[in-house]
Amino acid sequence: MELLVASAVGVLTASGVYLILRLRAFPVILGLALLSYAVNVFLFSTGRLAINAPPVLQAYGDASYSDPLPQALVLTAIVISFGMTAVLVMFALGAYLEAEDDSINMTETDETETTGKEGEA
Amino acid sequence: MSHWIIAPVVLPAILAPIIAFVMRYDISLARTASFAGTIALAAICFGLTVAAAGGETVSYELGNWPAPFGIVLVLDRLSAVMLLLTSVLALVVLVHAVATGWDARGRHFHALFQFQLMGIFGAFLTGDAFNLFVFFEVLLIASYGMMIHGGGKVRLQAGLQYVVMNLAGSTLFLFALGTLYAATGTLNIADLAQRVQGLPVEDAALVRAAAMMLMIVFAIKAALFPVQFWLPATYSNAPAPVAALFAIMTKVGAYAIIRVHTVVFGPDVPVLSGVVGDWLMPVALVTVAIGAVGVLGASRLMPLLSFSVIGSMGTMMVAVAAFTPATTAAALYYMVHSTLSAAALFLLADLVLARRNGDRLRAQLPTVQNGLFAALFFAGAIGMAGMPPLSGFLGKLLILDAMQATPQMTAAFVAILLGSLLTIVGFARAGSVLFWKSTGLAPAEPAPNPDDGEPQELADAPAPAGVMSVAPTVAALALLGGLAIFAGPVSAYLGAAADQLYDSSGYISAVMGQGTEG
């Protein structure tokens with residue numbers, strides 16, 4: 001059980017980090033999604049792994065229960081990372097449609113000379 | 001009285017959706033609401049600062065849940081100063097954005113602005129580590145929207161980098177919090193401080209790892225050395241008023257380092273034994289160097305200002321990394337200064353670039369009000385580089401003075417003084433190219449009109465900046481002057497804030513001592 005959870009976190013993190021280091025937006029988004037899965041599983045395990053235990057203290061002295069707090073944290077983290085991934089996809093799509101290139105790196109050009117004229121209209 | 005503590009979070013949280021849903025098609029209504037909200041926030045934050053001046057740490061229990069179980073907001077002198085600084089900065093930036101019409105150049109500027117304020121205020125007030133994460137996400141997701149306000153290819157690409165960087169940082173933040181919870185069983189900052197102090201040395205590895213991971217996360221926000229690469233691209237390509245508001249965002253990271261690494265992982269905690277300070281000091285020194293060299297080497301105006309922000313963060317973190325009350329007080333003074341001077345410079349850059357073709361540093365024909373902009377740039381550069389009479393000089397003097405008592409004195413002196421020199425040279429070069437050399441250029445002869453031989457009118461001569469457009473920049477610079485004039489009372493308040501910070505027992509008892517009241 002511990003081995004399974006630990007290796008799942010490890011593999012997800014490793015794949016996520018590998019994908020983040022790619023140059024294109026799509027693998028990077030997948031990498032960030034994998035990283036957020038990894039961290040969600042990891043957060044579950046921070047309350048110690050307990051199977052078939054209710055998330056409440058037993059009334060009559062039986063001390064075995066699963067910690068409810070990490071579950072609440074995971075729920076929050078899932079909501080936030082889901083929303084963030086959606087935002088990221090929109091950003092990547094916008095950048096791709098504007099630049100016709102889904103590279104993460106910015107091309108150093110002098111285009112700001114002509115298009116960068118902004119400010120007061 | 002005590003319910004006022006949550007007002008800086010609740011007010012923008014209510015206002016922003018109303019602006020987004022009800023006033024989305026009426027920009028003047030949205031402007032009115034946004035102004036009213038920001039002025040009210042400034043008044044509330046001023047009131048809170050006065051209330052916190054007494055030295056009492058006030059803890060506000062959300063939903064009246066007692067401390068380690070519920071989420072608390074904590075107001076002490078440090079949070080109050082940060083609140084006041086943020087609200088003043090927000091007001092200045094808002095006036096600029098409205099006066100120059102930036103807010104009408106994309107949708108939902110005012111709603112995002114209020115959400116941004118909510119996140120920043122929340123991050124400064126919260127007394128719970130996971131809640132800090134949540135408020136970080138609130139301010140980040142608003143900043144993503146603000147960052148690409150107005151659109152454009154380069155801005156979207158820079159925005160994508162910014163989002164990716166921060167999402168990776170958020171993931172690391174969660175890993176750190178998970179580790180911390182696994183080691184201590186709590187995420188309340190005061191409760192964490194208690195448990196970490198009592199932790200046996202043999203169980204300390206997890207906590208040490210968590211402390212370092214948290215420092216990396218906050219360093220990403222504060223743009224410290226190995227993770228500062230996002231900042232120049234982001235700040236240079238963000239709309240200038242947004243970049244000015246972002247001047248406070250790096251300080252959120254700095255604040256988090258100051259708060260968490262003094263109260264929880266303080267210098268006197270046996271299991272950590274100064275591990276954080278040992279790493280933070282060289283990082284801060286290198287950051288000073290990067291900022292200074294960047295200012296010297298920048299070929300465009302916006303990256304130059306961005307690197308000067310990095311340099312000022314480095315200077316400030318040198319003082320923070322010494323982890324003594326005196327250096328922290330000096331760092332806080334410099335933090336207030338550098339926020340306002342960075343904002344002033346970015347706002348000024350917006351005014352200048354609106355009348356120039358691109359922000360590359362090369363001589364172009366002088367635009368309208370060349371003298372006014374040159375004078376303002378001169379004042380802003382003096383402030384940022386740290387020369388008298390503005391507060392940058394006093395800030396650096398305070399830092400150097402406080403560093404005298406620490407073992408890292410030599411390195412700090414060399415880095416800060418050399419960094420200041422390079423910054424001065426960089427700003428002098430930029431200012432003379434932008435404003436001075438341009439007056440030596442001969443204006444191009446207007447082509448004669450083929451019909452009657454009369455010279456043609458120049459078609460798109462930029463309009464001069466109105467009073468309301470220039471006022472925010474002048475106000476920010478005037479605040480720097482005020483900070484220098486009232487340096488005595490201000491640094492006394494900040495010194496008291498630093499003392500309060502290092503007396504973590506006061507913080508702990510304020511938060512944990514109310515357990516029976518609920």
# chains A, B, ... in the order shown; residues from 1 in each chain; ligands from 1
$ interface_residues --of "chain B" --to "chain A" --cutoff "9 Å" --atoms "only C-alpha atoms" --output "PyMOL selection string"
chain B and resi 99-102+130+134+137+141+144+148+152-161+163-164+167-168+170-172+174-175+177-183+185+233+239-240+350-360+462-463+465
$ residues_around --residues "Gly440 of chain B" --least-positions-apart "5" --cutoff "9 Å" --atoms "only C-alpha atoms" --output "list in words"
Ala363, Leu365 and Pro366 of chain B
$ atom_distance --atom1 "atom CA of Gly150 of chain B" --atom2 "atom CA of Tyr235 of chain B"
14.4 Å
$ select_by_dssp --residues "segment 181-361 of chain B" --states "alpha helix (DSSP H)" --output "NGL selection string"
:B and (181-184 or 189-197 or 204-222 or 230-237 or 240-259 or 275-297 or 301-321 or 325-353)
$ atom_distance --atom1 "atom CA of Pro282 of chain B" --atom2 "atom CA of Leu345 of chain B"
27.8 Å
$ residues_around --residues "Asn52 of chain A" --least-positions-apart "2" --cutoff "12 Å" --atoms "only C-alpha atoms" --output "PyMOL selection string"
chain A and resi 49-50+54-56+64-67
$ write_last_selection --atoms "N, CA and C atoms" --output "PDB file, in the first residue's frame"
ATOM      1  N   LEU A  49      -1.948   6.743   5.850  1.00  0.00           N
ATOM      2  CA  LEU A  49      -2.845   5.916   5.049  1.00  0.00           C
ATOM      3  C   LEU A  49      -3.664   5.024   5.967  1.00  0.00           C
ATOM      4  N   ALA A  50      -4.962   5.222   5.952  1.00  0.00           N
ATOM      5  CA  ALA A  50      -5.842   4.393   6.760  1.00  0.00           C
ATOM      6  C   ALA A  50      -6.969   3.899   5.867  1.00  0.00           C
ATOM      7  N   PRO A  54     -13.520   5.486   9.277  1.00  0.00           N
ATOM      8  CA  PRO A  54     -14.325   6.693   9.052  1.00  0.00           C
ATOM      9  C   PRO A  54     -13.515   7.937   9.380  1.00  0.00           C
ATOM     10  N   PRO A  55     -13.831   9.048   8.728  1.00  0.00           N
ATOM     11  CA  PRO A  55     -13.074  10.265   8.993  1.00  0.00           C
ATOM     12  C   PRO A  55     -13.540  10.993  10.239  1.00  0.00           C
ATOM     13  N   VAL A  56     -13.988  10.254  11.254  1.00  0.00           N
ATOM     14  CA  VAL A  56     -14.403  10.881  12.517  1.00  0.00           C
ATOM     15  C   VAL A  56     -13.794  10.075  13.662  1.00  0.00           C
ATOM     16  N   SER A  64      -8.775   4.358  15.840  1.00  0.00           N
ATOM     17  CA  SER A  64      -8.455   4.303  14.419  1.00  0.00           C
ATOM     18  C   SER A  64      -9.465   5.103  13.616  1.00  0.00           C
ATOM     19  N   TYR A  65      -8.956   6.133  12.948  1.00  0.00           N
ATOM     20  CA  TYR A  65      -9.817   6.918  12.057  1.00  0.00           C
ATOM     21  C   TYR A  65      -8.918   7.514  10.999  1.00  0.00           C
ATOM     22  N   SER A  66      -9.526   7.882   9.885  1.00  0.00           N
ATOM     23  CA  SER A  66      -8.699   8.533   8.864  1.00  0.00           C
ATOM     24  C   SER A  66      -8.836  10.037   9.035  1.00  0.00           C
ATOM     25  N   ASP A  67      -7.702  10.702   8.891  1.00  0.00           N
ATOM     26  CA  ASP A  67      -7.649  12.137   9.154  1.00  0.00           C
ATOM     27  C   ASP A  67      -8.498  12.888   8.125  1.00  0.00           C
TER      28      ASP A  67
END
$ atom_distance --atom1 "atom CA of Leu390 of chain B" --atom2 "atom CA of Leu479 of chain B"
9.4 Å
$ closest_residue --among "B:Trp230, B:Phe427, B:Phe225, B:Phe435" --to "Gly169 of chain B" --atoms "only C-alpha atoms"
B:Trp230
$ select_by_dssp --residues "segment 4-72 of chain B" --states "strand (DSSP E)" --output "list in words"
Val58, Ser59, Tyr60, Glu61 and Val72 of chain B
$ residues_around --residues "Met23 of chain B" --least-positions-apart "6" --cutoff "10 Å" --atoms "only C-alpha atoms" --output "PyMOL selection string"
chain B and resi 16-17+29-31+33+108+110-111
$ residues_around --residues "Val263 of chain B" --least-positions-apart "2" --cutoff "7 Å" --atoms "only C-alpha atoms" --output "PDB file with C-alpha atoms, in the first residue's frame"
ATOM      1  CA  ALA B 193       5.472  27.618  15.586  1.00  0.00           C
ATOM      2  CA  ARG B 259       6.381  35.905   8.344  1.00  0.00           C
ATOM      3  CA  VAL B 260       6.865  32.170   8.023  1.00  0.00           C
ATOM      4  CA  HIS B 261      10.611  32.052   8.475  1.00  0.00           C
ATOM      5  CA  PHE B 265      11.051  28.537  11.349  1.00  0.00           C
ATOM      6  CA  GLY B 266      12.609  31.296  13.412  1.00  0.00           C
ATOM      7  CA  LEU B 501       7.546  39.755  14.691  1.00  0.00           C
ATOM      8  CA  TYR B 502      10.529  38.287  16.510  1.00  0.00           C
ATOM      9  CA  SER B 504       6.698  35.024  18.406  1.00  0.00           C
TER      10      SER B 504
END
$ closest_residue --among "B:Leu301, B:Ala330, B:Ile27, B:Ile399" --to "Leu494 of chain B" --atoms "only C-alpha atoms"
B:Ala330
